[in-house]
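Next comes run_26.pdb, with PDB, C-alpha atoms and all ligand atoms.
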ATOM      1  CA  MET M   1       0.000   0.000   0.000
ATOM      2  CA  ASN M   2       1.545   3.327  -0.943
ATOM      3  CA  LYS M   3       1.828   6.355   1.315
ATOM      4  CA  ALA M   4      -0.774   8.498  -0.476
ATOM      5  CA  LEU M   5      -3.391   5.791  -0.152
ATOM      6  CA  LEU M   6      -2.635   5.440   3.554
ATOM      7  CA  ILE M   7      -3.102   9.176   4.067
ATOM      8  CA  ILE M   8      -6.390   9.161   2.178
ATOM      9  CA  LEU M   9      -7.590   6.233   4.248
ATOM     10  CA  SER M  10      -6.685   7.987   7.506
ATOM     11  CA  ILE M  11      -8.541  11.110   6.430
ATOM     12  CA  PHE M  12     -11.565   8.920   5.742
ATOM     13  CA  ALA M  13     -11.283   7.301   9.144
ATOM     14  CA  VAL M  14     -11.169  10.686  10.881
ATOM     15  CA  ALA M  15     -14.055  11.986   8.785
ATOM     16  CA  ILE M  16     -16.202   8.970   9.622
ATOM     17  CA  GLN M  17     -15.424   9.316  13.319
ATOM     18  CA  SER M  18     -16.297  12.995  13.434
ATOM     19  CA  CYS M  19     -19.532  12.300  11.588
ATOM     20  CA  TYR M  20     -20.388   9.786  14.254
ATOM     21  CA  TYR M  21     -19.828  12.297  17.025
ATOM     22  CA  ASP M  22     -21.632  15.050  15.127
ATOM     23  CA  ASN M  23     -24.685  12.866  14.865
ATOM     24  CA  ALA M  24     -24.762  11.736  18.481
ATOM     25  CA  GLU M  25     -27.498  14.256  19.233
ATOM     26  CA  GLU M  26     -29.683  12.810  16.513
ATOM     27  CA  LEU M  27     -28.882   9.251  17.520
ATOM     28  CA  TYR M  28     -29.673   9.755  21.200
ATOM     29  CA  PRO M  29     -32.282  12.517  21.454
ATOM     30  CA  ALA M  30     -33.340  11.486  24.977
ATOM     31  CA  ILE M  31     -29.912  12.338  26.332
ATOM     32  CA  THR M  32     -29.383  15.671  24.666
ATOM     33  CA  ASP M  33     -32.890  16.920  23.915
ATOM     34  CA  GLY M  34     -33.352  19.913  26.174
ATOM     35  CA  CYS M  35     -30.714  18.473  28.419
ATOM     36  CA  ASP M  36     -28.141  21.086  29.183
ATOM     37  CA  THR M  37     -26.664  20.145  32.532
ATOM     38  CA  THR M  38     -23.882  22.712  32.275
ATOM     39  CA  ASN M  39     -26.097  25.692  32.913
ATOM     40  CA  VAL M  40     -29.006  24.658  35.105
ATOM     41  CA  THR M  41     -30.998  27.222  37.052
ATOM     42  CA  TYR M  42     -34.116  27.145  39.182
ATOM     43  CA  SER M  43     -36.000  29.629  37.025
ATOM     44  CA  ASN M  44     -34.985  28.229  33.617
ATOM     45  CA  ASN M  45     -35.080  24.490  34.281
ATOM     46  CA  ILE M  46     -36.130  23.226  37.668
ATOM     47  CA  GLN M  47     -39.364  25.174  38.034
ATOM     48  CA  ASN M  48     -40.585  23.928  34.629
ATOM     49  CA  ILE M  49     -39.809  20.294  35.397
ATOM     50  CA  ILE M  50     -41.441  20.385  38.822
ATOM     51  CA  SER M  51     -44.487  22.286  37.634
ATOM     52  CA  SER M  52     -45.130  19.887  34.750
ATOM     53  CA  ARG M  53     -44.480  16.640  36.631
ATOM     54  CA  CYS M  54     -45.215  17.395  40.291
ATOM     55  CA  TYR M  55     -47.619  20.319  40.784
ATOM     56  CA  GLY M  56     -50.593  18.037  40.169
ATOM     57  CA  CYS M  57     -50.036  16.831  43.739
ATOM     58  CA  HIS M  58     -47.469  19.242  45.197
ATOM     59  CA  SER M  59     -48.642  22.735  44.196
ATOM     60  CA  ASN M  60     -49.650  25.194  46.881
ATOM     61  CA  THR M  61     -53.291  24.302  46.326
ATOM     62  CA  SER M  62     -52.957  20.524  45.817
ATOM     63  CA  TYR M  63     -50.280  19.455  48.279
ATOM     64  CA  SER M  64     -52.424  19.017  51.354
ATOM     65  CA  ASP M  65     -55.008  16.878  49.525
ATOM     66  CA  TYR M  66     -52.743  14.915  47.147
ATOM     67  CA  GLY M  67     -49.099  15.479  48.006
ATOM     68  CA  GLY M  68     -48.886  14.079  51.516
ATOM     69  CA  GLY M  69     -48.500  17.605  52.894
ATOM     70  CA  VAL M  70     -45.299  18.261  50.931
ATOM     71  CA  ALA M  71     -45.428  21.470  48.879
ATOM     72  CA  LEU M  72     -42.946  21.918  46.033
ATOM     73  CA  GLU M  73     -44.289  25.114  44.468
ATOM     74  CA  GLY M  74     -42.072  28.138  44.807
ATOM     75  CA  TYR M  75     -38.400  28.263  45.690
ATOM     76  CA  ASP M  76     -38.777  28.233  49.487
ATOM     77  CA  ASN M  77     -40.829  25.042  49.396
ATOM     78  CA  ILE M  78     -38.711  23.027  46.985
ATOM     79  CA  LYS M  79     -35.572  24.169  48.786
ATOM     80  CA  ILE M  80     -36.724  22.212  51.855
ATOM     81  CA  SER M  81     -36.974  18.936  49.892
ATOM     82  CA  ALA M  82     -33.755  19.712  48.028
ATOM     83  CA  ASP M  83     -31.888  20.132  51.313
ATOM     84  CA  ASN M  84     -33.380  17.196  53.220
ATOM     85  CA  GLY M  85     -32.638  14.685  50.431
ATOM     86  CA  GLY M  86     -36.288  13.969  49.667
ATOM     87  CA  LEU M  87     -36.224  15.530  46.213
ATOM     88  CA  ILE M  88     -33.306  13.460  44.887
ATOM     89  CA  GLY M  89     -34.327  10.356  46.843
ATOM     90  CA  THR M  90     -37.828  10.308  45.382
ATOM     91  CA  ILE M  91     -37.016  11.076  41.750
ATOM     92  CA  THR M  92     -34.102   8.613  41.581
ATOM     93  CA  HIS M  93     -36.344   5.917  43.091
ATOM     94  CA  ASN M  94     -34.040   5.401  46.054
ATOM     95  CA  PRO M  95     -35.702   2.560  48.027
ATOM     96  CA  ASP M  96     -35.632   4.690  51.207
ATOM     97  CA  TYR M  97     -38.165   7.071  49.646
ATOM     98  CA  THR M  98     -41.539   6.818  47.951
ATOM     99  CA  ALA M  99     -40.885   6.838  44.194
ATOM    100  CA  MET M 100     -41.968  10.043  42.433
ATOM    101  CA  PRO M 101     -43.787  11.132  40.401
ATOM    102  CA  LYS M 102     -46.218   8.915  42.288
ATOM    103  CA  GLY M 103     -48.276   6.597  40.084
ATOM    104  CA  SER M 104     -46.339   7.618  36.996
ATOM    105  CA  SER M 105     -43.193   6.555  35.167
ATOM    106  CA  LYS M 106     -39.791   7.691  36.378
ATOM    107  CA  MET M 107     -38.728  10.953  34.816
ATOM    108  CA  ASP M 108     -36.209  10.748  31.978
ATOM    109  CA  ASP M 109     -32.511  10.845  32.849
ATOM    110  CA  CYS M 110     -32.143  14.323  31.448
ATOM    111  CA  LYS M 111     -34.574  15.854  33.917
ATOM    112  CA  ILE M 112     -33.166  13.841  36.808
ATOM    113  CA  ASN M 113     -29.620  14.896  35.920
ATOM    114  CA  GLN M 114     -30.625  18.544  35.706
ATOM    115  CA  ILE M 115     -32.211  18.380  39.156
ATOM    116  CA  LYS M 116     -29.190  16.527  40.552
ATOM    117  CA  THR M 117     -26.907  19.210  39.120
ATOM    118  CA  TRP M 118     -29.008  22.019  40.584
ATOM    119  CA  VAL M 119     -29.023  20.387  44.038
ATOM    120  CA  ALA M 120     -25.291  19.602  43.888
ATOM    121  CA  GLN M 121     -24.634  23.261  43.135
ATOM    122  CA  GLY M 122     -26.438  24.257  46.308
ATOM    123  CA  ALA M 123     -30.082  24.401  45.130
ATOM    124  CA  LYS M 124     -29.782  28.117  44.559
ATOM    125  CA  ASN M 125     -32.588  30.551  43.845
ATOM    126  CA  ASN M 126     -31.108  31.371  40.472
TER     127      ASN M 126
HETATM  128  C1  LIG D 201     -50.157  11.721  41.957
HETATM  129  C2  LIG D 201     -49.669  12.555  43.023
HETATM  130  C3  LIG D 201     -48.200  12.862  43.110
HETATM  131  C4  LIG D 201     -47.348  13.309  42.110
HETATM  132  C5  LIG D 201     -47.644  13.561  40.657
HETATM  133  C6  LIG D 201     -46.082  13.535  42.750
HETATM  134  N1  LIG D 201     -46.158  13.235  44.090
HETATM  135 FE1  LIG D 201     -44.678  13.429  45.465
HETATM  136  N2  LIG D 201     -45.904  12.694  46.931
HETATM  137  C7  LIG D 201     -47.216  12.309  46.745
HETATM  138  C8  LIG D 201     -47.725  11.782  48.004
HETATM  139  C9  LIG D 201     -49.127  11.265  48.209
HETATM  140  C10 LIG D 201     -46.676  11.874  48.942
HETATM  141  C11 LIG D 201     -46.690  11.432  50.417
HETATM  142  C12 LIG D 201     -45.809  10.242  50.627
HETATM  143  C13 LIG D 201     -46.356   8.936  50.110
HETATM  144  O1  LIG D 201     -47.466   8.845  49.593
HETATM  145  O2  LIG D 201     -45.644   7.967  50.229
HETATM  146  C14 LIG D 201     -45.555  12.455  48.247
HETATM  147  C15 LIG D 201     -44.338  12.702  48.820
HETATM  148  C16 LIG D 201     -43.286  13.346  48.206
HETATM  149  C17 LIG D 201     -42.051  13.736  48.850
HETATM  150  C18 LIG D 201     -41.677  13.476  50.290
HETATM  151  C19 LIG D 201     -41.265  12.015  50.367
HETATM  152  C20 LIG D 201     -40.213  11.696  51.351
HETATM  153  O3  LIG D 201     -40.057  10.479  51.588
HETATM  154  O4  LIG D 201     -39.562  12.593  51.862
HETATM  155  C21 LIG D 201     -41.282  14.327  47.898
HETATM  156  C22 LIG D 201     -39.889  14.919  48.078
HETATM  157  C23 LIG D 201     -42.019  14.289  46.659
HETATM  158  N3  LIG D 201     -43.227  13.703  46.869
HETATM  159  C24 LIG D 201     -41.533  14.759  45.469
HETATM  160  C25 LIG D 201     -42.225  14.691  44.272
HETATM  161  C26 LIG D 201     -41.675  15.136  43.016
HETATM  162  C27 LIG D 201     -40.281  15.739  42.850
HETATM  163  C28 LIG D 201     -42.626  14.931  42.074
HETATM  164  C29 LIG D 201     -42.527  15.198  40.607
HETATM  165  C30 LIG D 201     -41.385  14.635  39.928
HETATM  166  C31 LIG D 201     -43.781  14.344  42.731
HETATM  167  N4  LIG D 201     -43.494  14.210  44.060
HETATM  168  C32 LIG D 201     -44.959  13.995  42.093
HETATM  169  C33 LIG D 201     -47.933  12.409  45.568
HETATM  170  C34 LIG D 201     -47.432  12.809  44.353
END
Please express the file's structure as structure tokens.
Amino acid sequence: MNKALLIILSIFAVAIQSCYYDNAEELYPAITDGCDTTNVTYSNNIQNIISSRCYGCHSNTSYSDYGGGVALEGYDNIKISADNGGLIGTITHNPDYTAMPKGSSKMDDCKINQIKTWVAQGAKNN
């Protein structure tokens, strides 16, 4: 095999590899779709997740009837569950906690990872 052919083949190999990485988002939409864990804030990410998946039982009007007395609406309320471990324990289905969202499927990894990131960064009101 001559040198020129080898070089052409290596360029092909690199090109194929970079195509693979470029397309990872399309190949695995569940991981990347709306899943920026580098820049997670309460107001941009966490509030939306909790309101869509948890307010049915844990809003300020529903929590006493449906949420076992645990309110998650508003920063001050969710901060309590973030700090006492209940938020992460429930959404990751840790056996020490009741699995949440109750009666529904586990949230996708993206949402769980965003919440984990937010809590790990101090569950700030950001
Ligand atoms: C269908 C109603 C319902 C939904 C939806 C729901 N919960 Fe709950 N949640 C409950 C009930 C009821 C309890 C009381 C504990 C129990 O039933 O075991 C509870 C308890 C909790 C607790 C306290 C549990 C503990 O052991 O400390 C946390 C934290 C919690 N939920 C978080 C969430 C989060 C986060 C979501 C959304 C991802 C969610 N819940 C969605 C009904 C719900």
message: Let me see if you get this right: every residue at most 6 Å from ligand LIG 201 (chain D), counting all atoms listed in the file, written as a list in words.
response: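 The distance check yields Ile50, Arg53, Cys54, Gly56, Cys57, Tyr66, Gly67, Gly68, Val70, Ser81, Gly86, Leu87, Thr90, Ile91, Tyr97, Thr98, Met100, Pro101, Lys102 and Gly103 of chain M.
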Export, as a PDB file, in the coordinates of the input, the selected residues with C-alpha atoms.
ATOM      1  CA  ILE M  50     -41.441  20.385  38.822  1.00  0.00           C
ATOM      2  CA  ARG M  53     -44.480  16.640  36.631  1.00  0.00           C
ATOM      3  CA  CYS M  54     -45.215  17.395  40.291  1.00  0.00           C
ATOM      4  CA  GLY M  56     -50.593  18.037  40.169  1.00  0.00           C
ATOM      5  CA  CYS M  57     -50.036  16.831  43.739  1.00  0.00           C
ATOM      6  CA  TYR M  66     -52.743  14.915  47.147  1.00  0.00           C
ATOM      7  CA  GLY M  67     -49.099  15.479  48.006  1.00  0.00           C
ATOM      8  CA  GLY M  68     -48.886  14.079  51.516  1.00  0.00           C
ATOM      9  CA  VAL M  70     -45.299  18.261  50.931  1.00  0.00           C
ATOM     10  CA  SER M  81     -36.974  18.936  49.892  1.00  0.00           C
ATOM     11  CA  GLY M  86     -36.288  13.969  49.667  1.00  0.00           C
ATOM     12  CA  LEU M  87     -36.224  15.530  46.213  1.00  0.00           C
ATOM     13  CA  THR M  90     -37.828  10.308  45.382  1.00  0.00           C
ATOM     14  CA  ILE M  91     -37.016  11.076  41.750  1.00  0.00           C
ATOM     15  CA  TYR M  97     -38.165   7.071  49.646  1.00  0.00           C
ATOM     16  CA  THR M  98     -41.539   6.818  47.951  1.00  0.00           C
ATOM     17  CA  MET M 100     -41.968  10.043  42.433  1.00  0.00           C
ATOM     18  CA  PRO M 101     -43.787  11.132  40.401  1.00  0.00           C
ATOM     19  CA  LYS M 102     -46.218   8.915  42.288  1.00  0.00           C
ATOM     20  CA  GLY M 103     -48.276   6.597  40.084  1.00  0.00           C
TER      21      GLY M 103
END
message: Please determine, counting all atoms listed in the file, which residue among M:Ser43, M:Thr38, M:Ser64, M:Asn94 has the shortest atom-to-atom distance to Asn125 of chain M.
response: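 That would be M:Ser43, the residue with the smallest distance to Asn125 of chain M.
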Which residues fall under the PyMOL selection byres (((chain M and resi 105-121) around 9) and not hetatm) in this file, as a PDB file with C-alpha atoms, in the frame of the given file?
ATOM      1  CA  ALA M  30     -33.340  11.486  24.977  1.00  0.00           C
ATOM      2  CA  ILE M  31     -29.912  12.338  26.332  1.00  0.00           C
ATOM      3  CA  THR M  32     -29.383  15.671  24.666  1.00  0.00           C
ATOM      4  CA  ASP M  33     -32.890  16.920  23.915  1.00  0.00           C
ATOM      5  CA  GLY M  34     -33.352  19.913  26.174  1.00  0.00           C
ATOM      6  CA  CYS M  35     -30.714  18.473  28.419  1.00  0.00           C
ATOM      7  CA  ASP M  36     -28.141  21.086  29.183  1.00  0.00           C
ATOM      8  CA  THR M  37     -26.664  20.145  32.532  1.00  0.00           C
ATOM      9  CA  THR M  38     -23.882  22.712  32.275  1.00  0.00           C
ATOM     10  CA  ASN M  39     -26.097  25.692  32.913  1.00  0.00           C
ATOM     11  CA  VAL M  40     -29.006  24.658  35.105  1.00  0.00           C
ATOM     12  CA  THR M  41     -30.998  27.222  37.052  1.00  0.00           C
ATOM     13  CA  TYR M  42     -34.116  27.145  39.182  1.00  0.00           C
ATOM     14  CA  ASN M  45     -35.080  24.490  34.281  1.00  0.00           C
ATOM     15  CA  ILE M  46     -36.130  23.226  37.668  1.00  0.00           C
ATOM     16  CA  ILE M  49     -39.809  20.294  35.397  1.00  0.00           C
ATOM     17  CA  ARG M  53     -44.480  16.640  36.631  1.00  0.00           C
ATOM     18  CA  LYS M  79     -35.572  24.169  48.786  1.00  0.00           C
ATOM     19  CA  ALA M  82     -33.755  19.712  48.028  1.00  0.00           C
ATOM     20  CA  ASP M  83     -31.888  20.132  51.313  1.00  0.00           C
ATOM     21  CA  LEU M  87     -36.224  15.530  46.213  1.00  0.00           C
ATOM     22  CA  ILE M  88     -33.306  13.460  44.887  1.00  0.00           C
ATOM     23  CA  ILE M  91     -37.016  11.076  41.750  1.00  0.00           C
ATOM     24  CA  THR M  92     -34.102   8.613  41.581  1.00  0.00           C
ATOM     25  CA  HIS M  93     -36.344   5.917  43.091  1.00  0.00           C
ATOM     26  CA  ALA M  99     -40.885   6.838  44.194  1.00  0.00           C
ATOM     27  CA  MET M 100     -41.968  10.043  42.433  1.00  0.00           C
ATOM     28  CA  PRO M 101     -43.787  11.132  40.401  1.00  0.00           C
ATOM     29  CA  LYS M 102     -46.218   8.915  42.288  1.00  0.00           C
ATOM     30  CA  GLY M 103     -48.276   6.597  40.084  1.00  0.00           C
ATOM     31  CA  SER M 104     -46.339   7.618  36.996  1.00  0.00           C
ATOM     32  CA  GLY M 122     -26.438  24.257  46.308  1.00  0.00           C
ATOM     33  CA  ALA M 123     -30.082  24.401  45.130  1.00  0.00           C
ATOM     34  CA  LYS M 124     -29.782  28.117  44.559  1.00  0.00           C
TER      35      LYS M 124
END
query: So how far away is atom CA of Thr61 of chain M from atom CA of Asp96 of chain M, in Å?
result: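 Taking atom CA of Asp96 of chain M and atom CA of Thr61 of chain M, their separation equals 26.8 Å.
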task: Determine the nearest neighbour of His58 of chain M from the options M:Gly85, M:Ile78, M:Ala71, M:Asn126, counting all atoms listed in the file.
output: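 Of M:Gly85, M:Ile78, M:Ala71, M:Asn126, the one nearest His58 of chain M, counting all atoms listed in the file, is M:Ala71.
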- prompt: In Å, with one decimal, what is the gap from atom CA of Asn48 of chain M to atom CA of Glu73 of chain M?
  reply: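 Straight-line distance from atom CA of Asn48 of chain M to atom CA of Glu73 of chain M works out to 10.6 Å.
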Taking all listed atoms of segment 53-56 of chain M, build the axis-aligned box, pad each of the six sides by 5 Å, then write its centre and edge lengths in Å to one decimal as lines of an AutoDock Vina configuration file.
center_x = -47.5
center_y = 18.5
center_z = 38.7
size_x = 16.1
size_y = 13.7
size_z = 14.2
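One distance worth recording is that between atom CA of Leu72 of chain M and atom CA of Ser59 of chain M, which is 6.0 Å.
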